[in-house]
Amino acid sequence: MFGKGFPLGTMFGFKVRADWSWIFIAVLIIWFLAAQVFNNSALWDTMPPVWLLWVMAIITMLIFCATVMVHELAHAYFAKKAGIPVKNISMTFVGASAQMIREPDNPIDEFKISISGPLFSAAIGVVFYFSAQLLAEAGLALEICYILRWVGFINLIMAALNLVPAFPLDGGRALRSIIWVATKDFKKASKAASAVGRVLSVGIIICGLIWGFSTQNWLGGFMLAIIGFITYTSATNSTGQYAMQRALSIYTVSQALKMMHQINQNAQLSDVARNMIQGGINTYLVSNDQEEIVAVLEADDVKKLPLAKIQEVKVKDCAKSMRQDLAVYLQTNLLAVVQSMNFNDVTVVPVENEQGQIINVLHMDDIIIYLNSVKHTIEQN
Ligand SMILES: [Zn+2]
């Protein structure tokens with residue numbers, strides 16, 4: 001939601017990426033720890049030097065991030081076990097999340113995936129918090145004990161907050177899976193969980209504002225209110241998302257496919273550009289001299305070129321090659337196509353026949369147009 005961010009690497013086979021907004025919040029937390037939490041004379045017999053408070057704050061932040069990662073890896077592990085591809089684990093302004101490509105298709109998987117994260121946070125919280133107490137009594141350096149204690153404390157808060165049954169927080173997903181088991185009806189469960197989610201989200205926003213104003217803890221209050229706001233909008237969207245997912249699984253590539261115009265890759269771009277723009281043609285299949293489809297030419301890409309450039313270049317200079325390994329068949333269901341597009345960050349995939357020849361391409365826009373055309377049928381189901 002805040003742009004693309006940058007990759008941090010791979011952990012246990014899952015890609016991890018951070019959003020730029022996450023850097024902002026990381027710096028804010030380090031400042032909060034150094035200037036507020038550790039800079040408290042009640043904690044110390046003799047106040048440590050300022051540089052040491054900052055070092056403590058940075059180390060605390062690093063350990064905290066590692067524990068957040070454990071929470072997300074737990075979700076990702078159970079998702080993968082349930083056969084749901086995880087696109088990546090992304091850290092953003094409001095925390096981290098394991099980006100699953102689709103919703104679980106049974107309540108037991110949904111329950112395991114959603115509850116695993118908060119359980120790990122709670123376990124980490126208990127272990128860190130109490131070992132900090134024990135180590136302090138045993139005479140370990142207070143600096144280390146305070147770091148462990150804060151990480152333990154914040155993990156307990158994280159577990160508690162995530163268990164609030166406001167969909168799509170972990171607790172809300174767990175609630176949905178329980179109603180799903182009870183009613184054997186995903187649609188009902190989704191609607192009920194989303195309604196509870198909206199009510200509780202408003203509660204979270206109000207709590208955040210009251211907390212911020214009453215304790216002057218602006219950072220905490222503001223964050224809580226933002227989480228409430230995001231939870232509210234996600235709870236509202238989730239019902240529609242499910243209907244969409246079910247519709248996608250019913251229809252196949254052949255239904256959404258459009259007849260496309262074909263053009264040789266060595267043709268002058270200016271010859272086709274006019275047709276595209278005036279004739280409202282979005283996509284051309286681009287073929288080589290053997291009439292094999294090798295790429296696609298999209299109106300959006302042509303429009304980006306300056307007019308003088310369009311006069312000069314050939315079709316192949318502006319065409320986009322496709323990932324052959326992502327080819328789909330006429331019988332492939334649209335849910336699998338959208339999941340693959342989403343997972344691989346592409347908007348167009350080649351369509352192959354049984355002999356492995358590309359016969360057409362399927363664009364994300366075509367899928368959306370098709371779903372709109374059958375919207376009436378989807379809504380009745
Ligand atoms: Zn979680």
# chains A, B, ... in the order shown; residues from 1 in each chain; ligands from 1
call {"tool": "residues_around", "arguments": {"residues": "stretch 74-77 of chain A", "least_positions_apart": "3", "cutoff": "7 Å", "atoms": "only C-alpha atoms", "output": "list of chain:residue names"}}
result
A:Val70, A:His71, A:Lys80, A:Lys81, A:Val86, A:Ala98, A:Ile113, A:Ser114, A:Ser116, A:Gly117
call {"tool": "write_last_selection", "arguments": {"atoms": "N, CA and C atoms", "output": "JSON list (two decimals), in the first residue's frame"}}
result
[["chain", "number", "residue", "atom", "x", "y", "z"],
["A", 70, "VAL", "N", 9.80, -14.22, 13.27],
["A", 70, "VAL", "CA", 9.39, -15.55, 13.73],
["A", 70, "VAL", "C", 7.86, -15.67, 13.64],
["A", 71, "HIS", "N", 7.15, -14.61, 14.07],
["A", 71, "HIS", "CA", 5.68, -14.59, 14.00],
["A", 71, "HIS", "C", 5.22, -14.82, 12.56],
["A", 80, "LYS", "N", 2.25, -22.64, 3.71],
["A", 80, "LYS", "CA", 2.92, -23.48, 2.73],
["A", 80, "LYS", "C", 2.51, -24.94, 2.91],
["A", 81, "LYS", "N", 2.41, -25.34, 4.18],
["A", 81, "LYS", "CA", 2.01, -26.71, 4.50],
["A", 81, "LYS", "C", 0.60, -27.00, 3.98],
["A", 86, "VAL", "N", 3.27, -18.54, -0.69],
["A", 86, "VAL", "CA", 3.47, -17.27, 0.01],
["A", 86, "VAL", "C", 4.36, -16.40, -0.87],
["A", 98, "ALA", "N", 2.70, -11.90, 6.11],
["A", 98, "ALA", "CA", 3.04, -12.93, 5.13],
["A", 98, "ALA", "C", 1.97, -12.84, 4.04],
["A", 113, "ILE", "N", -3.04, -21.50, 10.40],
["A", 113, "ILE", "CA", -2.24, -20.41, 9.84],
["A", 113, "ILE", "C", -2.38, -19.16, 10.71],
["A", 114, "SER", "N", -3.64, -18.86, 11.12],
["A", 114, "SER", "CA", -3.85, -17.59, 11.82],
["A", 114, "SER", "C", -3.37, -17.64, 13.27],
["A", 116, "SER", "N", -1.00, -19.56, 14.63],
["A", 116, "SER", "CA", 0.41, -19.86, 14.85],
["A", 116, "SER", "C", 1.24, -18.61, 15.16],
["A", 117, "GLY", "N", 0.97, -17.52, 14.45],
["A", 117, "GLY", "CA", 1.75, -16.30, 14.66],
["A", 117, "GLY", "C", 1.66, -15.78, 16.09]]
call {"tool": "residues_around", "arguments": {"residues": "A:His363", "least_positions_apart": "2", "cutoff": "7 Å", "atoms": "only C-alpha atoms", "output": "JSON, numbers by chain"}}
result
{"A": [347, 348, 349, 361, 365, 366, 367]}
call {"tool": "select_by_dssp", "arguments": {"residues": "stretch 43-152 of chain A", "states": "alpha helix (DSSP H)", "output": "mmCIF file with N, CA and C atoms, in the first residue's frame"}}
result
data_model
loop_
_atom_site.group_PDB
_atom_site.id
_atom_site.type_symbol
_atom_site.label_atom_id
_atom_site.label_comp_id
_atom_site.auth_asym_id
_atom_site.auth_seq_id
_atom_site.Cartn_x
_atom_site.Cartn_y
_atom_site.Cartn_z
ATOM 1 N N VAL A 50 24.818 8.413 27.247
ATOM 2 C CA VAL A 50 23.773 8.478 26.203
ATOM 3 C C VAL A 50 24.051 7.511 25.056
ATOM 4 N N TRP A 51 25.339 7.413 24.629
ATOM 5 C CA TRP A 51 25.641 6.531 23.498
ATOM 6 C C TRP A 51 25.222 5.098 23.786
ATOM 7 N N LEU A 52 25.358 4.691 25.064
ATOM 8 C CA LEU A 52 25.010 3.316 25.425
ATOM 9 C C LEU A 52 23.494 3.095 25.305
ATOM 10 N N LEU A 53 22.721 4.145 25.647
ATOM 11 C CA LEU A 53 21.258 4.038 25.512
ATOM 12 C C LEU A 53 20.872 3.816 24.048
ATOM 13 N N TRP A 54 21.586 4.522 23.136
ATOM 14 C CA TRP A 54 21.292 4.369 21.700
ATOM 15 C C TRP A 54 21.700 2.992 21.199
ATOM 16 N N VAL A 55 22.862 2.506 21.667
ATOM 17 C CA VAL A 55 23.287 1.152 21.260
ATOM 18 C C VAL A 55 22.251 0.135 21.735
ATOM 19 N N MET A 56 21.802 0.304 22.989
ATOM 20 C CA MET A 56 20.767 -0.600 23.512
ATOM 21 C C MET A 56 19.514 -0.551 22.642
ATOM 22 N N ALA A 57 19.131 0.683 22.249
ATOM 23 C CA ALA A 57 17.906 0.856 21.463
ATOM 24 C C ALA A 57 18.026 0.148 20.118
ATOM 25 N N ILE A 58 19.198 0.280 19.476
ATOM 26 C CA ILE A 58 19.383 -0.356 18.159
ATOM 27 C C ILE A 58 19.365 -1.878 18.286
ATOM 28 N N ILE A 59 20.066 -2.396 19.312
ATOM 29 C CA ILE A 59 20.074 -3.858 19.500
ATOM 30 C C ILE A 59 18.657 -4.363 19.780
ATOM 31 N N THR A 60 17.929 -3.617 20.623
ATOM 32 C CA THR A 60 16.549 -4.016 20.944
ATOM 33 C C THR A 60 15.702 -4.079 19.679
ATOM 34 N N MET A 61 15.860 -3.053 18.832
ATOM 35 C CA MET A 61 15.080 -2.999 17.598
ATOM 36 C C MET A 61 15.404 -4.208 16.713
ATOM 37 N N LEU A 62 16.704 -4.566 16.617
ATOM 38 C CA LEU A 62 17.102 -5.703 15.777
ATOM 39 C C LEU A 62 16.490 -7.003 16.301
ATOM 40 N N ILE A 63 16.564 -7.195 17.632
ATOM 41 C CA ILE A 63 15.994 -8.435 18.197
ATOM 42 C C ILE A 63 14.476 -8.434 17.999
ATOM 43 N N PHE A 64 13.864 -7.253 18.181
ATOM 44 C CA PHE A 64 12.412 -7.134 17.988
ATOM 45 C C PHE A 64 12.025 -7.549 16.568
ATOM 46 N N CYS A 65 12.797 -7.046 15.572
ATOM 47 C CA CYS A 65 12.511 -7.410 14.171
ATOM 48 C C CYS A 65 12.622 -8.915 13.973
ATOM 49 N N ALA A 66 13.627 -9.519 14.601
ATOM 50 C CA ALA A 66 13.794 -10.971 14.461
ATOM 51 C C ALA A 66 12.571 -11.693 15.032
ATOM 52 N N THR A 67 12.037 -11.193 16.144
ATOM 53 C CA THR A 67 10.872 -11.877 16.737
ATOM 54 C C THR A 67 9.613 -11.665 15.889
ATOM 55 N N VAL A 68 9.524 -10.486 15.253
ATOM 56 C CA VAL A 68 8.391 -10.245 14.334
ATOM 57 C C VAL A 68 8.479 -11.247 13.185
ATOM 58 N N MET A 69 9.725 -11.469 12.720
ATOM 59 C CA MET A 69 9.956 -12.408 11.624
ATOM 60 C C MET A 69 9.512 -13.813 12.020
ATOM 61 N N VAL A 70 9.796 -14.215 13.271
ATOM 62 C CA VAL A 70 9.386 -15.549 13.734
ATOM 63 C C VAL A 70 7.856 -15.669 13.640
ATOM 64 N N HIS A 71 7.150 -14.613 14.068
ATOM 65 C CA HIS A 71 5.684 -14.587 14.003
ATOM 66 C C HIS A 71 5.217 -14.819 12.556
ATOM 67 N N GLU A 72 5.823 -14.059 11.619
ATOM 68 C CA GLU A 72 5.393 -14.168 10.218
ATOM 69 C C GLU A 72 5.807 -15.497 9.595
ATOM 70 N N LEU A 73 7.015 -15.974 9.968
ATOM 71 C CA LEU A 73 7.462 -17.266 9.422
ATOM 72 C C LEU A 73 6.529 -18.382 9.871
ATOM 73 N N ALA A 74 5.978 -18.259 11.074
ATOM 74 C CA ALA A 74 5.030 -19.270 11.557
ATOM 75 C C ALA A 74 3.804 -19.286 10.643
ATOM 76 N N HIS A 75 3.247 -18.090 10.336
ATOM 77 C CA HIS A 75 2.109 -18.017 9.396
ATOM 78 C C HIS A 75 2.501 -18.646 8.058
ATOM 79 N N ALA A 76 3.675 -18.228 7.541
ATOM 80 C CA ALA A 76 4.106 -18.656 6.208
ATOM 81 C C ALA A 76 4.311 -20.171 6.165
ATOM 82 N N TYR A 77 4.890 -20.725 7.240
ATOM 83 C CA TYR A 77 5.141 -22.165 7.287
ATOM 84 C C TYR A 77 3.825 -22.948 7.199
ATOM 85 N N PHE A 78 2.833 -22.544 7.996
ATOM 86 C CA PHE A 78 1.564 -23.282 7.981
ATOM 87 C C PHE A 78 0.789 -23.047 6.679
ATOM 88 N N ALA A 79 0.972 -21.870 6.075
ATOM 89 C CA ALA A 79 0.332 -21.615 4.779
ATOM 90 C C ALA A 79 0.923 -22.551 3.732
ATOM 91 N N LYS A 80 2.247 -22.639 3.713
ATOM 92 C CA LYS A 80 2.918 -23.478 2.727
ATOM 93 C C LYS A 80 2.510 -24.937 2.915
ATOM 94 N N LYS A 81 2.406 -25.339 4.178
ATOM 95 C CA LYS A 81 2.015 -26.710 4.498
ATOM 96 C C LYS A 81 0.604 -27.001 3.978
ATOM 97 N N PRO A 107 -11.414 -24.711 7.065
ATOM 98 C CA PRO A 107 -11.292 -23.953 8.313
ATOM 99 C C PRO A 107 -10.116 -24.397 9.187
ATOM 100 N N ILE A 108 -9.754 -25.689 9.107
ATOM 101 C CA ILE A 108 -8.661 -26.171 9.958
ATOM 102 C C ILE A 108 -7.352 -25.490 9.551
ATOM 103 N N ASP A 109 -7.098 -25.413 8.219
ATOM 104 C CA ASP A 109 -5.892 -24.734 7.737
ATOM 105 C C ASP A 109 -5.913 -23.263 8.138
ATOM 106 N N GLU A 110 -7.062 -22.627 7.958
ATOM 107 C CA GLU A 110 -7.157 -21.207 8.297
ATOM 108 C C GLU A 110 -6.851 -20.984 9.787
ATOM 109 N N PHE A 111 -7.377 -21.878 10.622
ATOM 110 C CA PHE A 111 -7.150 -21.750 12.063
ATOM 111 C C PHE A 111 -5.664 -21.898 12.396
ATOM 112 N N LYS A 112 -5.035 -22.934 11.823
ATOM 113 C CA LYS A 112 -3.604 -23.168 12.098
ATOM 114 C C LYS A 112 -2.762 -21.979 11.633
ATOM 115 N N ILE A 113 -3.036 -21.504 10.405
ATOM 116 C CA ILE A 113 -2.242 -20.408 9.843
ATOM 117 C C ILE A 113 -2.383 -19.159 10.709
ATOM 118 N N SER A 114 -3.636 -18.858 11.120
ATOM 119 C CA SER A 114 -3.846 -17.590 11.822
ATOM 120 C C SER A 114 -3.374 -17.636 13.266
ATOM 121 N N ILE A 115 -3.537 -18.782 13.933
ATOM 122 C CA ILE A 115 -3.236 -18.818 15.358
ATOM 123 C C ILE A 115 -1.734 -18.987 15.631
ATOM 124 N N SER A 116 -1.001 -19.558 14.626
ATOM 125 C CA SER A 116 0.414 -19.859 14.853
ATOM 126 C C SER A 116 1.241 -18.614 15.160
ATOM 127 N N GLY A 117 0.966 -17.516 14.447
ATOM 128 C CA GLY A 117 1.754 -16.301 14.656
ATOM 129 C C GLY A 117 1.663 -15.782 16.088
ATOM 130 N N PRO A 118 0.426 -15.480 16.570
ATOM 131 C CA PRO A 118 0.288 -14.982 17.936
ATOM 132 C C PRO A 118 0.804 -15.971 18.993
ATOM 133 N N LEU A 119 0.666 -17.283 18.748
ATOM 134 C CA LEU A 119 1.171 -18.251 19.727
ATOM 135 C C LEU A 119 2.686 -18.139 19.866
ATOM 136 N N PHE A 120 3.380 -18.010 18.735
ATOM 137 C CA PHE A 120 4.831 -17.846 18.795
ATOM 138 C C PHE A 120 5.201 -16.543 19.504
ATOM 139 N N SER A 121 4.467 -15.451 19.190
ATOM 140 C CA SER A 121 4.754 -14.169 19.859
ATOM 141 C C SER A 121 4.561 -14.303 21.354
ATOM 142 N N ALA A 122 3.483 -14.981 21.760
ATOM 143 C CA ALA A 122 3.204 -15.137 23.186
ATOM 144 C C ALA A 122 4.302 -15.950 23.856
ATOM 145 N N ALA A 123 4.738 -17.024 23.192
ATOM 146 C CA ALA A 123 5.791 -17.876 23.761
ATOM 147 C C ALA A 123 7.091 -17.077 23.907
ATOM 148 N N ILE A 124 7.451 -16.344 22.851
ATOM 149 C CA ILE A 124 8.664 -15.515 22.907
ATOM 150 C C ILE A 124 8.529 -14.497 24.039
ATOM 151 N N GLY A 125 7.339 -13.890 24.126
ATOM 152 C CA GLY A 125 7.087 -12.876 25.152
ATOM 153 C C GLY A 125 7.320 -13.423 26.542
ATOM 154 N N VAL A 126 6.727 -14.572 26.827
ATOM 155 C CA VAL A 126 6.845 -15.172 28.164
ATOM 156 C C VAL A 126 8.304 -15.518 28.458
ATOM 157 N N VAL A 127 8.968 -16.189 27.508
ATOM 158 C CA VAL A 127 10.353 -16.622 27.725
ATOM 159 C C VAL A 127 11.270 -15.413 27.956
ATOM 160 N N PHE A 128 11.173 -14.403 27.076
ATOM 161 C CA PHE A 128 12.051 -13.228 27.190
ATOM 162 C C PHE A 128 11.762 -12.466 28.485
ATOM 163 N N TYR A 129 10.478 -12.236 28.763
ATOM 164 C CA TYR A 129 10.124 -11.399 29.903
ATOM 165 C C TYR A 129 10.602 -12.029 31.207
ATOM 166 N N PHE A 130 10.311 -13.331 31.378
ATOM 167 C CA PHE A 130 10.665 -13.955 32.648
ATOM 168 C C PHE A 130 12.144 -14.275 32.756
ATOM 169 N N SER A 131 12.794 -14.596 31.620
ATOM 170 C CA SER A 131 14.236 -14.834 31.724
ATOM 171 C C SER A 131 14.953 -13.529 32.054
ATOM 172 N N ALA A 132 14.401 -12.383 31.591
ATOM 173 C CA ALA A 132 15.001 -11.085 31.936
ATOM 174 C C ALA A 132 14.945 -10.880 33.456
ATOM 175 N N GLN A 133 13.796 -11.225 34.068
ATOM 176 C CA GLN A 133 13.650 -11.075 35.525
ATOM 177 C C GLN A 133 14.674 -11.964 36.246
ATOM 178 N N LEU A 134 14.731 -13.253 35.815
ATOM 179 C CA LEU A 134 15.616 -14.214 36.483
ATOM 180 C C LEU A 134 17.077 -13.799 36.344
ATOM 181 N N LEU A 135 17.457 -13.370 35.113
ATOM 182 C CA LEU A 135 18.852 -12.994 34.875
ATOM 183 C C LEU A 135 19.229 -11.748 35.670
ATOM 184 N N ALA A 136 18.264 -10.835 35.818
ATOM 185 C CA ALA A 136 18.540 -9.630 36.611
ATOM 186 C C ALA A 136 18.807 -10.010 38.067
ATOM 187 N N GLU A 137 17.989 -10.942 38.592
ATOM 188 C CA GLU A 137 18.197 -11.400 39.975
ATOM 189 C C GLU A 137 19.529 -12.124 40.120
ATOM 190 N N LEU A 142 22.385 -5.099 33.781
ATOM 191 C CA LEU A 142 21.016 -4.598 33.630
ATOM 192 C C LEU A 142 20.693 -4.221 32.193
ATOM 193 N N GLU A 143 21.733 -3.727 31.458
ATOM 194 C CA GLU A 143 21.507 -3.321 30.071
ATOM 195 C C GLU A 143 20.886 -4.471 29.283
ATOM 196 N N ILE A 144 21.485 -5.663 29.441
ATOM 197 C CA ILE A 144 20.998 -6.832 28.684
ATOM 198 C C ILE A 144 19.597 -7.221 29.170
ATOM 199 N N CYS A 145 19.411 -7.183 30.484
ATOM 200 C CA CYS A 145 18.102 -7.576 31.037
ATOM 201 C C CYS A 145 16.991 -6.664 30.540
ATOM 202 N N TYR A 146 17.253 -5.349 30.476
ATOM 203 C CA TYR A 146 16.203 -4.415 30.025
ATOM 204 C C TYR A 146 15.859 -4.626 28.554
ATOM 205 N N ILE A 147 16.903 -4.955 27.762
ATOM 206 C CA ILE A 147 16.643 -5.244 26.342
ATOM 207 C C ILE A 147 15.712 -6.447 26.229
ATOM 208 N N LEU A 148 16.072 -7.524 26.925
ATOM 209 C CA LEU A 148 15.258 -8.753 26.867
ATOM 210 C C LEU A 148 13.844 -8.480 27.380
ATOM 211 N N ARG A 149 13.755 -7.687 28.448
ATOM 212 C CA ARG A 149 12.447 -7.454 29.051
ATOM 213 C C ARG A 149 11.530 -6.684 28.096
ATOM 214 N N TRP A 150 12.107 -5.672 27.415
ATOM 215 C CA TRP A 150 11.257 -4.892 26.496
ATOM 216 C C TRP A 150 10.798 -5.741 25.325
ATOM 217 N N VAL A 151 11.735 -6.547 24.762
ATOM 218 C CA VAL A 151 11.360 -7.421 23.637
ATOM 219 C C VAL A 151 10.261 -8.387 24.095
ATOM 220 N N GLY A 152 10.393 -8.920 25.317
ATOM 221 C CA GLY A 152 9.371 -9.820 25.857
ATOM 222 C C GLY A 152 8.041 -9.108 26.001
#
call {"tool": "residues_around", "arguments": {"residues": "A:Ser201", "least_positions_apart": "4", "cutoff": "12 Å", "atoms": "only C-alpha atoms", "output": "NGL selection string"}}
result
:A and (161 or 164-169 or 172 or 193-197 or 205-208 or 224-236)
call {"tool": "write_last_selection", "arguments": {"atoms": "C-alpha atoms", "output": "compact mmCIF listing (two decimals), in the first residue's frame"}}
result
# COMPACT_ATOMS: atom_id res chain seq x y z
CA LEU A 161 -3.35 -7.22 19.82
CA VAL A 164 -8.37 -9.33 19.01
CA PRO A 165 -11.04 -11.02 16.87
CA ALA A 166 -11.21 -8.14 14.39
CA PHE A 167 -10.88 -9.58 10.88
CA PRO A 168 -8.33 -9.50 9.19
CA LEU A 169 -6.17 -9.54 12.33
CA GLY A 172 -10.44 -12.38 13.38
CA ALA A 193 -16.32 -12.22 11.06
CA SER A 194 -16.26 -9.11 8.90
CA ALA A 195 -19.14 -7.54 10.87
CA VAL A 196 -17.41 -8.25 14.20
CA GLY A 197 -14.20 -6.92 12.64
CA ILE A 205 -9.52 3.51 16.72
CA ILE A 206 -11.31 5.02 19.75
CA CYS A 207 -8.92 3.26 22.18
CA GLY A 208 -5.93 4.58 20.20
CA LEU A 224 -3.22 1.88 17.30
CA ALA A 225 -5.66 4.22 15.53
CA ILE A 226 -4.00 3.49 12.16
CA ILE A 227 -4.21 -0.27 12.79
CA GLY A 228 -7.91 0.16 13.59
CA PHE A 229 -8.46 2.12 10.39
CA ILE A 230 -6.69 -0.47 8.22
CA THR A 231 -8.53 -3.31 9.94
CA TYR A 232 -11.81 -1.54 9.26
CA THR A 233 -11.20 -1.14 5.52
CA SER A 234 -9.87 -4.70 5.16
CA ALA A 235 -12.86 -6.13 7.03
CA THR A 236 -15.14 -4.27 4.62
call {"tool": "atom_distance", "arguments": {"atom1": "atom CA of A:Ala267", "atom2": "atom CA of A:Lys314"}}
result
5.7 Å
call {"tool": "atom_distance", "arguments": {"atom1": "atom CA of A:Leu297", "atom2": "atom CA of A:Leu248"}}
result
25.8 Å
call {"tool": "decode", "arguments": {"residues": "stretch 45-56 of chain A", "atoms": "N, CA and C atoms", "output": "compact mmCIF listing (two decimals), in the first residue's frame"}}
result
# COMPACT_ATOMS: atom_id res chain seq x y z
N ASP A 45 20.97 2.64 38.85
CA ASP A 45 21.63 3.24 40.02
C ASP A 45 22.43 4.45 39.56
N THR A 46 23.26 4.22 38.53
CA THR A 46 23.91 5.37 37.88
C THR A 46 23.54 5.33 36.40
N MET A 47 23.09 6.49 35.93
CA MET A 47 22.60 6.58 34.55
C MET A 47 23.72 6.24 33.56
N PRO A 48 23.51 5.29 32.62
CA PRO A 48 24.53 4.99 31.61
C PRO A 48 24.72 6.18 30.66
N PRO A 49 25.89 6.25 29.97
CA PRO A 49 26.10 7.34 29.00
C PRO A 49 25.07 7.25 27.86
N VAL A 50 24.82 8.41 27.25
CA VAL A 50 23.77 8.48 26.20
C VAL A 50 24.05 7.51 25.06
N TRP A 51 25.34 7.41 24.63
CA TRP A 51 25.64 6.53 23.50
C TRP A 51 25.22 5.10 23.79
N LEU A 52 25.36 4.69 25.06
CA LEU A 52 25.01 3.32 25.42
C LEU A 52 23.49 3.10 25.30
N LEU A 53 22.72 4.15 25.65
CA LEU A 53 21.26 4.04 25.51
C LEU A 53 20.87 3.82 24.05
N TRP A 54 21.59 4.52 23.14
CA TRP A 54 21.29 4.37 21.70
C TRP A 54 21.70 2.99 21.20
N VAL A 55 22.86 2.51 21.67
CA VAL A 55 23.29 1.15 21.26
C VAL A 55 22.25 0.14 21.73
N MET A 56 21.80 0.30 22.99
CA MET A 56 20.77 -0.60 23.51
C MET A 56 19.51 -0.55 22.64
